[in-house]
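Here the structure is laid out as structure tokens; the discussion comes afterwards.
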Amino acid sequence: MKRSNFTLIELVVSIAILIVVAGIVGVSGAAFYQGYDRSLRVTSRLKDFMAIDNLMDTHIRNMIPFMWKDDEGTSRLLFDGEEDRILFTTLRRSYGSRPGALLFIRVLVEDGKLLAEYSPYPRYPWMEEGDESLPVTREVIAENVDSITFNYVENSTEVSNGLDFFEEYREEDYKILPLAIRLKVNFSDGTSEQWLRRVAGTSRNSTFGMRESDSSAASGTAVDSASGHTGSGVRGRRTTVGGSRVTGGNGR
């Protein structure tokens with residue numbers, strides 16, 4: 001039998017074909033893994049957005065005024081709005097073994113995580129940490145969070161000329177809830193996202209009947225329903241968004 005061997009040209013062509021095929025497989029594999037990794041990041045971020053949406057829609061939009069007496073017997077609003085955290089009272093479904101329809105929530109960032117602390121019993125904004133014996137459940141809303149910023153809209157009936165956002169809305173300054181709350185979440189990768197929601201109830205609008213303070217409010221002056229104090233003494237810097245409107249939708 002006559003044996004035929006590969007020529008040098010055939011060997012070079014074969015090696016070149018193998019290199020091209022290997023390159024195509026390598027590029028396709030790298031593109032696949034890059035797309036898969038990008039898909040995981042987008043999915044994780046989408047889950048974070050959905051969780052924050054649920055927090056804003058379920059709790060912030062259902063925020064209500066709730067009064068509680070301090071150690072001196074003074075009735076005070078259980079609300080504390082700081083720039084990097086918030087404490088408030090909200091409504092929830094009451095069924096089964098739940099202790100009630102009220103839920104007391106604190107939202108803050110700790111160790112790169114956006115956390116929500118839930119308690120079925122009142123938490124006191126005039127105490128730094130509140131009663132540590134109260135049961136508190138913690139939920140991680142989003143991870144890889146660098147910081148958060150809360151801004152508050154003063155409880156005023158005049159919003160046609162734009163919204164004034166305040167960095168703080170403290171209980172000692174205002175005896176009523178803000179009209180709306182904006183949350184800005186700054187993620188560790190440098191991106192950020194904003195949510196704006198109007199609260200469900202305010203002290204001025206959650207009672208039955210017409211009072212003297214309501215007539216003052218109708219004329220465009222924000223009046224405290226409990227003491228008649230006009231809401232002009234807010235501490236902290238504020239920003240104005242011209243032409244903005246507060247809605248119950250996704251105000252991002």
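Chains: A, B, ... in order of the structure tokens. Residues: from 1 per chain. Ligands: from 1, in order shown.
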Test item, helix (DSSP H, G or I) assignment across region 6-221 of chain A, answer as a VMD selection string: chain A and resid 8 to 60 212 to 218
Residues near Leu87 (chain A), anyone? I mean within 6 Å using only C-alpha atoms, not counting same-chain ones fewer than 2 positions away, as a list in words.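 Contacts, in chain order: Phe79, Asp80, Ile105 and Arg106 of chain A.
Across the structure, CA of Ser147 (chain A) and CA of Gly112 (chain A) are spaced 7.7 Å apart.
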Record the distance separating CA of Thr89 (chain A) and CA of Met63 (chain A), expressed in Å with one decimal.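 CA of Met63 (chain A) lies at a distance of 5.7 Å from CA of Thr89 (chain A).
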Would you kindly return, as JSON, numbers by chain, each protein, DNA or RNA residue with an atom no farther than 10 Å from any atom of Asp146 (chain A), considering only C-alpha atoms and excluding same-chain residues fewer than 3 positions away? {"A": [109, 110, 111, 112, 113, 114, 143, 185, 186, 187, 188, 189, 190, 191, 192]}
Same residues, N, CA and C atoms, output as a tab-separated table (two decimals), in the first residue's frame:
```
chain	number	residue	atom	x	y	z
A	109	VAL	N	-30.19	52.92	56.29
A	109	VAL	CA	-29.13	52.16	55.63
A	109	VAL	C	-28.11	51.75	56.68
A	110	GLU	N	-27.72	50.48	56.63
A	110	GLU	CA	-26.75	49.96	57.58
A	110	GLU	C	-25.91	48.89	56.89
A	111	ASP	N	-24.58	49.06	56.91
A	111	ASP	CA	-23.65	48.10	56.31
A	111	ASP	C	-23.97	47.84	54.83
A	112	GLY	N	-24.28	48.90	54.10
A	112	GLY	CA	-24.53	48.76	52.68
A	112	GLY	C	-25.86	48.14	52.32
A	113	LYS	N	-26.79	48.08	53.27
A	113	LYS	CA	-28.10	47.49	53.03
A	113	LYS	C	-29.19	48.47	53.40
A	114	LEU	N	-30.20	48.56	52.56
A	114	LEU	CA	-31.39	49.35	52.86
A	114	LEU	C	-32.32	48.48	53.69
A	143	GLU	N	-29.68	45.66	48.57
A	143	GLU	CA	-28.27	45.55	48.95
A	143	GLU	C	-27.42	46.42	48.04
A	185	VAL	N	-32.19	56.69	46.32
A	185	VAL	CA	-31.30	55.61	46.71
A	185	VAL	C	-30.04	55.69	45.85
A	186	ASN	N	-28.90	55.83	46.51
A	186	ASN	CA	-27.61	55.87	45.83
A	186	ASN	C	-26.93	54.50	45.99
A	187	PHE	N	-26.73	53.81	44.87
A	187	PHE	CA	-26.15	52.48	44.91
A	187	PHE	C	-24.62	52.55	44.87
A	188	SER	N	-23.99	51.43	45.23
A	188	SER	CA	-22.53	51.40	45.34
A	188	SER	C	-21.84	51.53	44.00
A	189	ASP	N	-22.53	51.21	42.90
A	189	ASP	CA	-21.91	51.31	41.58
A	189	ASP	C	-21.99	52.71	41.00
A	190	GLY	N	-22.49	53.67	41.79
A	190	GLY	CA	-22.55	55.06	41.34
A	190	GLY	C	-23.89	55.46	40.74
A	191	THR	N	-24.79	54.52	40.52
A	191	THR	CA	-26.11	54.84	39.99
A	191	THR	C	-27.05	55.23	41.12
A	192	SER	N	-28.14	55.87	40.77
A	192	SER	CA	-29.13	56.29	41.76
A	192	SER	C	-30.52	56.25	41.13
```
Distance query Arg85 (chain A) at most 8 Å, only C-alpha atoms, self and fewer than 5 positions along chain excluded, as a VMD selection string: chain A and resid 106 to 109 148 to 150
Mind writing the picked residues with C-alpha atoms as an mmCIF file, in the first residue's frame?
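Output saved as out_26.cif:
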```cif
data_model
loop_
_atom_site.group_PDB
_atom_site.id
_atom_site.type_symbol
_atom_site.label_atom_id
_atom_site.label_comp_id
_atom_site.auth_asym_id
_atom_site.auth_seq_id
_atom_site.Cartn_x
_atom_site.Cartn_y
_atom_site.Cartn_z
ATOM 1 C CA ARG A 106 -38.102 52.773 60.557
ATOM 2 C CA VAL A 107 -36.177 52.857 57.245
ATOM 3 C CA LEU A 108 -32.398 53.335 57.209
ATOM 4 C CA VAL A 109 -29.132 52.157 55.632
ATOM 5 C CA ILE A 148 -30.262 57.180 50.897
ATOM 6 C CA THR A 149 -31.788 60.640 50.987
ATOM 7 C CA PHE A 150 -35.304 61.459 52.136
#
```
One decimal, Å: what's the distance from CA of Tyr174 (chain A) over to CA of Pro125 (chain A), could you say?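 These atoms are spaced 13.2 Å apart.
When the distance limit is 12 Å and only C-alpha atoms are what count, the residues near Leu55 (chain A), minus those fewer than 4 positions from it on the same chain, are Asp48, Phe49, Met50, Ala51, His59, Ile60, Arg61, Asn62, Met63, Thr90, Ile105, Arg106, Val107, Leu114, Leu115, Ala116, Glu117, Tyr118, Glu139, Val140, Ile141, Ala142, Leu183, Trp195, Leu196 and Arg197 of chain A.
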